[in-house]
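To be precise, the following lines are query.txt, and they hold compact mmCIF, C-alpha atoms.
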```txt
# COMPACT_ATOMS: atom_id res chain seq x y z
CA MET Z 1 3.77 40.70 -38.36
CA SER Z 2 2.37 42.37 -35.25
CA THR Z 3 3.19 41.09 -31.77
CA SER Z 4 -0.47 40.44 -31.00
CA VAL Z 5 -0.64 38.02 -33.94
CA PHE Z 6 2.77 36.42 -33.41
CA LEU Z 7 2.44 35.52 -29.70
CA PRO Z 8 -0.74 33.38 -29.98
CA LYS Z 9 0.87 31.42 -32.83
CA VAL Z 10 4.01 30.81 -30.78
CA CYS Z 11 1.91 29.70 -27.79
CA PHE Z 12 -0.14 27.37 -29.99
CA ASN Z 13 2.98 25.88 -31.57
CA PHE Z 14 4.52 25.34 -28.13
CA LYS Z 15 1.42 23.47 -26.97
CA ILE Z 16 1.46 21.20 -30.00
CA ALA Z 17 5.20 20.55 -29.68
CA LEU Z 18 4.86 19.74 -25.99
CA LEU Z 19 2.03 17.29 -26.58
CA LEU Z 20 3.71 15.59 -29.54
CA SER Z 21 6.99 15.29 -27.60
CA SER Z 22 5.21 13.61 -24.69
CA CYS Z 23 3.38 11.17 -26.97
CA PHE Z 24 6.58 10.37 -28.88
CA LEU Z 25 8.59 9.71 -25.71
CA TRP Z 26 5.80 7.56 -24.31
CA ALA Z 27 5.90 5.43 -27.44
CA ILE Z 28 9.67 4.92 -27.46
CA SER Z 29 9.68 4.18 -23.72
CA LEU Z 30 8.17 0.81 -24.58
CA GLN Z 31 11.23 -0.03 -26.68
CA ALA Z 32 14.69 -1.16 -25.54
CA GLN Z 33 16.92 1.37 -23.84
CA ASN Z 34 20.23 2.43 -25.43
CA SER Z 35 23.51 1.24 -23.87
CA ASP Z 36 27.18 1.88 -24.61
CA SER Z 37 29.95 -0.71 -25.08
CA THR Z 38 30.35 -1.13 -21.31
CA GLY Z 39 26.68 -1.95 -20.80
CA ARG Z 40 25.94 1.40 -19.15
CA LYS Z 41 22.61 2.84 -20.25
CA THR Z 42 23.15 6.12 -22.07
CA PHE Z 43 19.49 6.81 -22.74
CA GLU Z 44 16.57 5.72 -20.56
CA VAL Z 45 12.86 6.46 -20.77
CA ARG Z 46 10.55 5.51 -17.91
CA GLY Z 47 7.15 6.61 -16.73
CA TYR Z 48 3.72 5.71 -15.50
CA LEU Z 49 0.04 6.09 -16.25
CA LYS Z 50 -2.47 6.65 -13.43
CA ASP Z 51 -6.23 6.90 -13.21
CA LEU Z 52 -7.56 8.70 -10.13
CA GLN Z 53 -11.25 8.88 -9.23
CA SER Z 54 -12.31 11.15 -6.34
CA LEU Z 55 -15.50 11.67 -4.36
CA THR Z 56 -15.91 14.77 -2.16
CA PHE Z 57 -18.65 15.03 0.49
CA ASP Z 58 -19.69 17.71 2.95
CA ASN Z 59 -19.76 17.13 6.72
CA ASN Z 60 -22.97 15.04 6.49
CA PHE Z 61 -21.77 13.01 3.49
CA ASN Z 62 -24.11 14.93 1.18
CA ASN Z 63 -23.57 17.24 -1.82
CA LEU Z 64 -21.34 14.76 -3.65
CA ILE Z 65 -18.77 16.22 -6.08
CA THR Z 66 -16.92 13.81 -8.35
CA GLY Z 67 -13.49 14.27 -9.87
CA ASN Z 68 -11.58 12.41 -12.57
CA LEU Z 69 -7.90 12.54 -13.43
CA ILE Z 70 -5.72 10.65 -15.90
CA HIS Z 71 -2.08 11.34 -15.03
CA ASN Z 72 0.79 10.37 -17.31
CA ARG Z 73 4.48 10.99 -16.65
CA ILE Z 74 7.47 10.51 -18.97
CA ASN Z 75 10.97 10.53 -17.42
CA VAL Z 76 13.92 10.72 -19.81
CA ARG Z 77 17.50 10.31 -18.53
CA TRP Z 78 20.60 10.96 -20.65
CA ASN Z 79 24.04 9.69 -19.57
CA PRO Z 80 26.53 10.71 -22.29
CA GLY Z 81 29.60 10.06 -20.14
CA THR Z 82 30.93 9.64 -16.64
CA LYS Z 83 30.81 13.36 -15.82
CA PHE Z 84 27.54 14.53 -17.36
CA THR Z 85 23.91 13.57 -16.81
CA GLY Z 86 20.80 15.19 -18.22
CA ALA Z 87 17.08 14.77 -17.66
CA ILE Z 88 13.78 15.97 -19.02
CA GLU Z 89 10.47 14.87 -17.49
CA PHE Z 90 6.95 15.55 -18.75
CA ARG Z 91 3.78 15.63 -16.66
CA ASN Z 92 0.48 15.32 -18.52
CA ARG Z 93 -2.84 15.54 -16.66
CA LEU Z 94 -6.40 15.36 -17.92
CA PHE Z 95 -9.02 16.60 -15.42
CA TRP Z 96 -12.75 16.44 -16.02
CA GLY Z 97 -16.06 16.36 -14.17
CA GLU Z 98 -17.87 18.23 -11.46
CA GLU Z 99 -14.71 19.12 -9.52
CA VAL Z 100 -13.38 21.17 -12.45
CA ARG Z 101 -16.71 22.99 -12.85
CA SER Z 102 -17.13 23.72 -9.14
CA ILE Z 103 -13.68 25.26 -8.47
CA PRO Z 104 -13.23 28.81 -9.89
CA GLY Z 105 -9.94 29.25 -11.72
CA PHE Z 106 -9.16 25.53 -11.59
CA SER Z 107 -6.64 25.65 -14.45
CA LYS Z 108 -4.58 28.33 -12.66
CA MET Z 109 -4.43 26.35 -9.43
CA ILE Z 110 -2.73 23.30 -10.96
CA ARG Z 111 0.41 25.17 -12.06
CA ASN Z 112 3.49 25.21 -9.82
CA PRO Z 113 3.74 28.88 -8.68
CA ASN Z 114 7.48 28.57 -7.94
CA GLU Z 115 8.52 28.12 -11.59
CA ALA Z 116 10.27 31.13 -13.13
CA ILE Z 117 9.59 30.06 -16.73
CA ASN Z 118 6.15 28.82 -17.71
CA LEU Z 119 6.76 25.52 -19.50
CA SER Z 120 3.13 24.42 -19.13
CA ALA Z 121 0.51 24.30 -21.85
CA LEU Z 122 -3.25 24.17 -21.37
CA LEU Z 123 -4.19 22.07 -24.37
CA ILE Z 124 -7.82 22.05 -23.25
CA ASN Z 125 -9.29 24.62 -20.86
CA SER Z 126 -13.07 24.42 -20.83
CA GLU Z 127 -15.71 24.65 -18.13
CA SER Z 128 -15.52 20.96 -17.21
CA VAL Z 129 -12.35 19.62 -18.92
CA VAL Z 130 -8.73 20.69 -18.44
CA LEU Z 131 -5.75 19.07 -20.16
CA GLN Z 132 -2.37 20.34 -18.98
CA SER Z 133 1.03 19.27 -20.27
CA THR Z 134 4.15 20.58 -18.54
CA ILE Z 135 7.90 20.06 -18.48
CA ASP Z 136 8.33 19.17 -14.82
CA ARG Z 137 12.10 18.58 -14.82
CA PHE Z 138 14.72 19.85 -17.26
CA TRP Z 139 18.31 19.85 -16.00
CA LEU Z 140 21.96 19.12 -16.82
CA GLU Z 141 24.42 17.95 -14.17
CA TYR Z 142 28.21 17.87 -14.04
CA HIS Z 143 29.87 15.70 -11.40
CA THR Z 144 33.37 14.72 -10.33
CA SER Z 145 34.77 13.14 -7.18
CA LYS Z 146 34.61 16.52 -5.42
CA TRP Z 147 32.09 18.63 -7.32
CA ASP Z 148 28.45 18.32 -8.35
CA ALA Z 149 26.71 21.09 -10.28
CA ARG Z 150 23.16 20.99 -11.65
CA VAL Z 151 21.36 23.74 -13.58
CA GLY Z 152 17.76 23.85 -14.77
CA ARG Z 153 14.35 22.79 -13.48
CA GLN Z 154 15.04 20.43 -10.59
CA ARG Z 155 14.10 19.49 -7.05
CA ILE Z 156 16.34 21.07 -4.41
CA ASN Z 157 15.55 18.94 -1.38
CA TRP Z 158 16.95 20.07 1.97
CA GLY Z 159 14.28 18.46 4.12
CA ILE Z 160 14.89 15.67 6.62
CA GLY Z 161 11.49 14.95 8.16
CA THR Z 162 8.79 12.66 6.79
CA ILE Z 163 5.73 14.97 6.73
CA TRP Z 164 6.92 18.50 7.58
CA ASN Z 165 10.22 20.01 6.39
CA PRO Z 166 11.01 23.52 7.72
CA ASN Z 167 14.50 23.36 6.13
CA ASP Z 168 13.06 22.74 2.65
CA ILE Z 169 12.80 26.43 1.72
CA PHE Z 170 13.05 25.82 -2.03
CA ASN Z 171 10.06 23.57 -2.74
CA THR Z 172 7.67 22.67 0.04
CA TYR Z 173 5.86 19.35 -0.19
CA ASN Z 174 2.12 19.26 0.51
CA PHE Z 175 1.45 15.99 2.34
CA LEU Z 176 -2.19 16.07 1.15
CA ASP Z 177 -1.03 15.90 -2.50
CA PHE Z 178 -0.28 12.16 -2.41
CA ASP Z 179 -0.53 11.87 -6.22
CA TYR Z 180 2.70 13.87 -6.74
CA GLU Z 181 5.45 11.44 -5.71
CA GLU Z 182 8.20 13.42 -7.46
CA ARG Z 183 7.27 16.60 -5.54
CA PRO Z 184 7.53 20.15 -6.95
CA GLY Z 185 10.66 21.53 -8.62
CA ARG Z 186 12.32 24.92 -9.08
CA ASP Z 187 14.19 26.72 -11.86
CA GLY Z 188 17.66 27.24 -10.48
CA VAL Z 189 21.22 26.10 -9.97
CA LYS Z 190 22.76 23.89 -7.28
CA VAL Z 191 26.48 23.38 -6.64
CA SER Z 192 27.94 20.94 -4.08
CA TYR Z 193 31.52 20.50 -2.92
CA HIS Z 194 32.40 17.31 -1.02
CA LEU Z 195 34.78 18.08 1.82
CA THR Z 196 34.95 14.44 2.93
CA GLU Z 197 32.88 11.32 2.33
CA MET Z 198 30.55 12.44 5.14
CA SER Z 199 30.45 16.21 4.72
CA ASN Z 200 29.76 18.74 1.99
CA ILE Z 201 28.87 22.35 1.28
CA GLU Z 202 25.95 23.09 -1.03
CA LEU Z 203 24.97 26.40 -2.60
CA ALA Z 204 21.61 26.78 -4.33
CA ALA Z 205 19.65 29.60 -5.93
CA ALA Z 206 16.21 29.49 -7.52
CA ALA Z 207 14.36 32.11 -9.53
CA ALA Z 208 10.59 32.62 -9.67
CA ASP Z 209 8.08 34.48 -11.81
CA GLN Z 210 8.56 37.55 -9.59
CA ARG Z 211 11.86 39.04 -8.41
CA ASN Z 212 10.79 39.23 -4.76
CA LYS Z 213 10.20 35.44 -4.72
CA THR Z 214 13.82 34.50 -5.35
CA VAL Z 215 15.39 31.97 -2.95
CA ALA Z 216 19.15 31.55 -2.40
CA ALA Z 217 20.97 29.76 0.43
CA ILE Z 218 24.05 27.82 1.47
CA LYS Z 219 24.04 24.59 3.48
CA TYR Z 220 26.72 22.72 5.40
CA PHE Z 221 26.16 18.99 5.95
CA THR Z 222 28.21 16.64 8.12
CA ASN Z 223 27.97 13.51 10.27
CA LYS Z 224 29.01 13.62 13.93
CA TRP Z 225 28.26 11.26 16.81
CA ASP Z 226 26.31 9.02 14.39
CA TYR Z 227 23.99 11.94 13.57
CA ASP Z 228 23.50 13.66 10.23
CA LEU Z 229 23.67 17.41 10.88
CA GLN Z 230 22.96 20.35 8.59
CA PHE Z 231 23.10 24.13 8.95
CA SER Z 232 21.87 26.63 6.38
CA ALA Z 233 21.50 30.37 5.83
CA GLY Z 234 20.19 32.46 2.99
CA VAL Z 235 17.42 34.66 1.61
CA TYR Z 236 13.80 33.60 1.15
CA HIS Z 237 11.49 36.09 -0.61
CA GLU Z 238 13.76 38.98 0.48
CA LYS Z 239 13.82 37.75 4.10
CA LEU Z 240 16.98 36.52 5.81
CA THR Z 241 16.59 32.94 7.00
CA MET Z 242 18.64 30.40 8.96
CA GLY Z 243 18.02 26.74 9.63
CA ALA Z 244 19.37 23.58 11.24
CA GLY Z 245 18.40 19.92 11.15
CA TRP Z 246 19.47 16.52 12.38
CA SER Z 247 18.75 12.83 11.90
CA GLY Z 248 19.92 9.97 14.08
CA ARG Z 249 18.75 7.35 16.54
CA ILE Z 250 18.00 6.99 20.24
CA LYS Z 251 18.55 3.28 20.83
CA ASP Z 252 16.29 1.57 18.26
CA ALA Z 253 14.08 4.58 17.51
CA GLY Z 254 14.76 7.16 14.83
CA PHE Z 255 15.04 10.78 15.93
CA LYS Z 256 14.83 13.74 13.53
CA GLY Z 257 14.29 17.46 13.80
CA GLU Z 258 14.40 20.72 11.88
CA VAL Z 259 14.16 24.40 12.80
CA GLN Z 260 13.95 27.40 10.47
CA TYR Z 261 14.05 31.09 11.38
CA PHE Z 262 12.76 33.91 9.15
CA ALA Z 263 13.91 37.41 10.08
CA PRO Z 264 11.38 40.26 10.18
CA ARG Z 265 11.14 42.56 7.18
CA GLY Z 266 8.99 45.66 6.78
CA ASP Z 267 5.72 45.18 8.62
CA THR Z 268 6.21 41.44 9.09
CA THR Z 269 7.38 39.84 12.34
CA ALA Z 270 10.03 37.20 12.88
CA GLN Z 271 8.90 33.61 12.41
CA ILE Z 272 10.07 30.19 13.59
CA ASN Z 273 9.06 26.82 12.19
CA SER Z 274 10.30 23.70 13.97
CA THR Z 275 9.54 20.01 13.93
CA LEU Z 276 10.46 16.93 15.97
CA GLU Z 277 9.93 13.37 14.79
CA THR Z 278 10.56 9.81 15.92
CA ASP Z 279 9.79 6.47 14.30
CA TYR Z 280 10.04 2.84 15.33
CA VAL Z 281 9.58 -0.59 13.70
CA PHE Z 282 7.91 -3.11 16.01
CA GLU Z 283 7.92 -6.86 15.82
CA LYS Z 284 5.67 -8.42 13.16
CA GLY Z 285 6.32 -5.49 10.85
CA TRP Z 286 4.26 -2.72 12.46
CA TYR Z 287 5.67 0.78 11.86
CA MET Z 288 4.89 3.93 13.85
CA ASN Z 289 5.91 7.55 13.31
CA VAL Z 290 5.15 10.44 15.69
CA GLY Z 291 5.83 14.07 14.84
CA PHE Z 292 5.24 17.62 16.08
CA LEU Z 293 5.26 20.95 14.25
CA TYR Z 294 5.36 24.49 15.62
CA ASN Z 295 4.50 27.48 13.40
CA SER Z 296 4.91 30.71 15.36
CA ASN Z 297 2.56 32.58 13.00
CA GLY Z 298 -0.12 29.90 12.90
CA VAL Z 299 -3.74 30.10 14.02
CA THR Z 300 -4.23 29.45 17.75
CA LYS Z 301 -8.02 29.59 18.21
CA PRO Z 302 -11.00 27.77 16.66
CA VAL Z 303 -12.04 29.04 13.23
CA ASP Z 304 -15.74 29.41 12.45
CA ASN Z 305 -15.31 28.97 8.70
CA TRP Z 306 -12.44 26.80 7.50
CA ASN Z 307 -13.25 27.61 3.89
CA PHE Z 308 -11.25 30.82 4.41
CA VAL Z 309 -8.16 28.97 5.70
CA THR Z 310 -5.78 27.87 2.95
CA PHE Z 311 -3.95 24.55 2.80
CA ARG Z 312 -1.75 25.69 -0.09
CA LEU Z 313 1.38 25.18 1.98
CA SER Z 314 4.62 27.17 1.73
CA PRO Z 315 7.98 27.16 3.57
CA GLN Z 316 6.59 29.77 5.97
CA SER Z 317 3.27 27.97 6.43
CA LEU Z 318 3.69 24.21 6.65
CA MET Z 319 0.35 24.15 8.46
CA PRO Z 320 -2.12 27.02 8.97
CA THR Z 321 -2.26 26.19 12.70
CA GLN Z 322 0.41 26.99 15.32
CA TRP Z 323 0.70 23.68 17.20
CA ASN Z 324 0.40 20.41 15.28
CA SER Z 325 0.95 16.73 15.96
CA VAL Z 326 0.82 13.63 13.77
CA ILE Z 327 0.89 9.90 14.34
CA THR Z 328 1.23 7.35 11.56
CA ILE Z 329 0.81 3.58 11.85
CA GLY Z 330 1.54 1.27 8.94
CA LYS Z 331 2.01 -2.40 8.18
CA GLU Z 332 2.72 -4.67 5.23
CA PHE Z 333 0.16 -7.41 5.80
CA THR Z 334 1.34 -9.51 2.84
CA PRO Z 335 3.93 -8.88 0.10
CA LEU Z 336 1.02 -7.57 -2.01
CA LEU Z 337 -1.13 -5.75 0.57
CA SER Z 338 -0.17 -2.87 2.88
CA GLY Z 339 -2.08 -0.33 4.96
CA ASN Z 340 -1.41 3.03 6.54
CA LEU Z 341 -3.28 5.35 8.94
CA SER Z 342 -2.25 8.93 9.79
CA CYS Z 343 -3.95 11.31 12.19
CA ILE Z 344 -3.04 15.01 12.38
CA TYR Z 345 -4.34 17.03 15.30
CA ALA Z 346 -3.89 20.75 16.02
CA PRO Z 347 -4.70 21.70 19.62
CA GLY Z 348 -6.12 25.15 20.18
CA THR Z 349 -8.01 25.09 16.90
CA ASN Z 350 -9.23 21.51 17.44
CA LEU Z 351 -8.46 20.65 13.83
CA MET Z 352 -8.13 16.92 13.07
CA ILE Z 353 -7.33 15.22 9.77
CA LEU Z 354 -7.68 11.44 9.31
CA LEU Z 355 -5.74 9.88 6.42
CA PRO Z 356 -6.21 6.08 6.05
CA SER Z 357 -5.00 4.27 2.93
CA ILE Z 358 -4.70 0.75 1.53
CA LYS Z 359 -2.40 -0.38 -1.29
CA TYR Z 360 -2.63 -3.61 -3.27
CA ASN Z 361 -0.08 -4.79 -5.81
CA ILE Z 362 -1.94 -6.52 -8.66
CA ALA Z 363 1.20 -7.17 -10.73
CA SER Z 364 4.87 -6.24 -10.61
CA ASN Z 365 4.10 -2.90 -12.28
CA VAL Z 366 0.41 -2.34 -11.44
CA ASP Z 367 -0.92 -0.98 -8.10
CA ILE Z 368 -4.37 -0.14 -6.76
CA ASP Z 369 -4.72 2.43 -3.94
CA PHE Z 370 -7.64 3.44 -1.77
CA ILE Z 371 -7.09 6.76 0.05
CA TRP Z 372 -9.40 8.63 2.40
CA GLN Z 373 -9.13 12.18 3.79
CA SER Z 374 -11.50 13.43 6.50
CA PHE Z 375 -11.34 16.91 8.04
CA PHE Z 376 -12.85 17.71 11.45
CA ALA Z 377 -12.69 20.93 13.49
CA GLU Z 378 -14.39 23.03 16.14
CA GLN Z 379 -16.79 25.53 14.57
CA PHE Z 380 -19.21 27.76 16.47
CA GLY Z 381 -18.35 25.91 19.69
CA GLN Z 382 -19.04 22.43 18.28
CA PHE Z 383 -16.59 19.78 17.03
CA ASP Z 384 -17.89 18.40 13.74
CA GLY Z 385 -16.86 17.20 10.31
CA ILE Z 386 -15.92 19.72 7.61
CA SER Z 387 -15.46 17.58 4.53
CA HIS Z 388 -14.53 14.06 3.44
CA ARG Z 389 -12.70 12.89 0.32
CA CYS Z 390 -12.37 9.38 -1.11
CA PHE Z 391 -9.84 8.44 -3.81
CA ILE Z 392 -9.38 5.27 -5.86
CA ARG Z 393 -6.21 5.13 -7.93
CA ALA Z 394 -4.78 2.63 -10.41
CA LYS Z 395 -1.15 3.01 -11.46
CA TRP Z 396 0.80 1.29 -14.24
CA ASN Z 397 4.59 1.75 -14.34
CA PHE Z 398 6.43 1.25 -17.61
```
Serialized structure, structure tokens:
Amino acid sequence: MSTSVFLPKVCFNFKIALLLSSCFLWAISLQAQNSDSTGRKTFEVRGYLKDLQSLTFDNNFNNLITGNLIHNRINVRWNPGTKFTGAIEFRNRLFWGEEVRSIPGFSKMIRNPNEAINLSALLINSESVVLQSTIDRFWLEYHTSKWDARVGRQRINWGIGTIWNPNDIFNTYNFLDFDYEERPGRDGVKVSYHLTEMSNIELAAAAADQRNKTVAAIKYFTNKWDYDLQFSAGVYHEKLTMGAGWSGRIKDAGFKGEVQYFAPRGDTTAQINSTLETDYVFEKGWYMNVGFLYNSNGVTKPVDNWNFVTFRLSPQSLMPTQWNSVITIGKEFTPLLSGNLSCIYAPGTNLMILLPSIKYNIASNVDIDFIWQSFFAEQFGQFDGISHRCFIRAKWNF
């Protein structure tokens, strides 16, 4: 059999196996979980099903583009003993409508570019409908009182801040992608050694689909003077990098910060990303968070066409602009109803993003969310709207 004939059959079989596995695990997740003689669950299956409707407008609330997404996730956890834990998690998404048709190469954009092995399958890839199934997590962990080691597709989270995380060089979180609570993962290995109850050393390495995108680093974490402190050093995309972060309190207010340095290589210059953040809980349940981000390589002047500025964030570009600030105000009005408002502003470019949201809990495992995203900026000497997006989401946890 020739290779040209064999590979399509293998790809087709993989797609079918991935879809059938997801459907099978979804079905058994509704059944009782397995437990051993001590009552400890040895096999657990959880997940959720979400329906997300989106409306996208231009600056004058014209040229409406609709989007539709059904998002299903299956999380399987295996606990065969006290020293081993395993997990496999599936992410299935069905996109359809005008948004799919209007974005060139839509199916390529929804894949995580940091994965070394492509475990995604496009079960449907047409002009207006895309069905993607992917193995989002797939790892095995060994742990003792001193050691923890995990290998496979996982999230290596070194960030401290709420919105921007310069120290998170393995998998950057895009704050605009609110529908991805688990956040992106990487194919790699992570080993931790606990020096004391409050300090450890962690070594991590992650591969990618290209050799020059490999990330490897070591981190030291400790607690001093009632502050969590961390220091890291390693290689990011063939560039030497060093970072530091902290988290503590000043009286009743939280105080966090991170800084990351990328050494120059070839024709590139050195780069520094840093963030400061504070939060406070007021009486009657009001919450406020204020943060600042500096990106030494970011844009400093107004942009005439923001369509050419990417918001596909990376560890070296947490925002496309150099100076950035954010303020978030939130409150739980009742046990079932909560609201949140964030405003991001970048001086110099006069970019502003408004992010209000409302969440209502219909039942113990059913939520309804209303999310809005509005982008404003200075273009051709005038401050005006760029685009507006409205989302309505229903989520059922099982």
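Note that atom CA of Z:Gly185 and atom CA of Z:Glu115 are 7.5 Å apart.
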**OP:** Can you pull out every residue within 10 Å of Z:Gly152, counting all atoms listed in the file, but drop anything in the same chain fewer than 5 positions away, and send it as JSON, numbers by chain?
**Re:** {"Z": [86, 87, 88, 137, 138, 139, 140, 141, 185, 186, 187, 188, 189, 190, 206]}
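With all atoms listed in the file as the atoms that count, the minimum distance from Z:Leu318 to the choices Z:Leu69, Z:Ile163, Z:Ile344, Z:Ile124 is reached by Z:Ile163.
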**OP:** Please check which residues have atoms at most 8 Å from (1.1, -3.4, -0.3) in the file's coordinates, counting only C-alpha atoms, and write them as a list of chain:residue names.
**Re:** Z:Glu332, Z:Phe333, Z:Thr334, Z:Pro335, Z:Leu336, Z:Leu337, Z:Ser338, Z:Gly339, Z:Ile358, Z:Lys359, Z:Tyr360, Z:Asn361
For Z:Trp225, work out the shell of residues within 12 Å, counting only C-alpha atoms and skipping chain neighbours fewer than 2 positions away, then give it as a PDB file with C-alpha atoms, keeping the file's coordinate frame.
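Output (result15.pdb):
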```pdb
ATOM      1  CA  MET Z 198      30.550  12.440   5.140  1.00  0.00           C
ATOM      2  CA  THR Z 222      28.210  16.640   8.120  1.00  0.00           C
ATOM      3  CA  ASN Z 223      27.970  13.510  10.270  1.00  0.00           C
ATOM      4  CA  TYR Z 227      23.990  11.940  13.570  1.00  0.00           C
ATOM      5  CA  ASP Z 228      23.500  13.660  10.230  1.00  0.00           C
ATOM      6  CA  LEU Z 229      23.670  17.410  10.880  1.00  0.00           C
ATOM      7  CA  TRP Z 246      19.470  16.520  12.380  1.00  0.00           C
ATOM      8  CA  SER Z 247      18.750  12.830  11.900  1.00  0.00           C
ATOM      9  CA  GLY Z 248      19.920   9.970  14.080  1.00  0.00           C
ATOM     10  CA  ARG Z 249      18.750   7.350  16.540  1.00  0.00           C
ATOM     11  CA  ILE Z 250      18.000   6.990  20.240  1.00  0.00           C
TER      12      ILE Z 250
END
```
Would you mind putting N, CA and C atoms back on stretch 151-168 of chain Z and writing the result as a CSV table (one decimal), keeping the file's coordinate frame?
```csv
chain,number,residue,atom,x,y,z
Z,151,VAL,N,22.1,22.5,-13.2
Z,151,VAL,CA,21.4,23.7,-13.6
Z,151,VAL,C,20.1,23.4,-14.3
Z,152,GLY,N,19.0,24.1,-14.1
Z,152,GLY,CA,17.8,23.8,-14.8
Z,152,GLY,C,16.6,23.6,-13.8
Z,153,ARG,N,15.5,23.1,-14.3
Z,153,ARG,CA,14.4,22.8,-13.5
Z,153,ARG,C,14.6,21.5,-12.7
Z,154,GLN,N,14.6,21.5,-11.4
Z,154,GLN,CA,15.0,20.4,-10.6
Z,154,GLN,C,14.4,20.5,-9.2
Z,155,ARG,N,14.5,19.5,-8.4
Z,155,ARG,CA,14.1,19.5,-7.0
Z,155,ARG,C,15.3,19.7,-6.2
Z,156,ILE,N,15.3,20.8,-5.4
Z,156,ILE,CA,16.3,21.1,-4.4
Z,156,ILE,C,15.8,20.7,-3.0
Z,157,ASN,N,16.2,19.5,-2.6
Z,157,ASN,CA,15.6,18.9,-1.4
Z,157,ASN,C,16.5,19.1,-0.2
Z,158,TRP,N,16.2,19.9,0.8
Z,158,TRP,CA,17.0,20.1,2.0
Z,158,TRP,C,16.2,19.6,3.2
Z,159,GLY,N,15.1,18.9,3.0
Z,159,GLY,CA,14.3,18.5,4.1
Z,159,GLY,C,14.8,17.1,4.7
Z,160,ILE,N,14.5,16.9,5.9
Z,160,ILE,CA,14.9,15.7,6.6
Z,160,ILE,C,13.7,14.9,7.1
Z,161,GLY,N,12.7,15.6,7.6
Z,161,GLY,CA,11.5,15.0,8.2
Z,161,GLY,C,10.6,14.2,7.1
Z,162,THR,N,9.7,13.5,7.6
Z,162,THR,CA,8.8,12.7,6.8
Z,162,THR,C,7.6,13.5,6.3
Z,163,ILE,N,6.9,14.2,7.1
Z,163,ILE,CA,5.7,15.0,6.7
Z,163,ILE,C,6.0,16.5,6.6
Z,164,TRP,N,6.7,17.1,7.6
Z,164,TRP,CA,6.9,18.5,7.6
Z,164,TRP,C,8.4,18.8,7.5
Z,165,ASN,N,8.8,19.7,6.6
Z,165,ASN,CA,10.2,20.0,6.4
Z,165,ASN,C,10.5,21.5,6.4
Z,166,PRO,N,10.7,22.1,7.6
Z,166,PRO,CA,11.0,23.5,7.7
Z,166,PRO,C,12.3,23.9,6.9
Z,167,ASN,N,13.3,23.0,6.8
Z,167,ASN,CA,14.5,23.4,6.1
Z,167,ASN,C,14.3,23.4,4.6
Z,168,ASP,N,13.3,22.8,4.1
Z,168,ASP,CA,13.1,22.7,2.6
Z,168,ASP,C,12.5,24.0,2.2
```
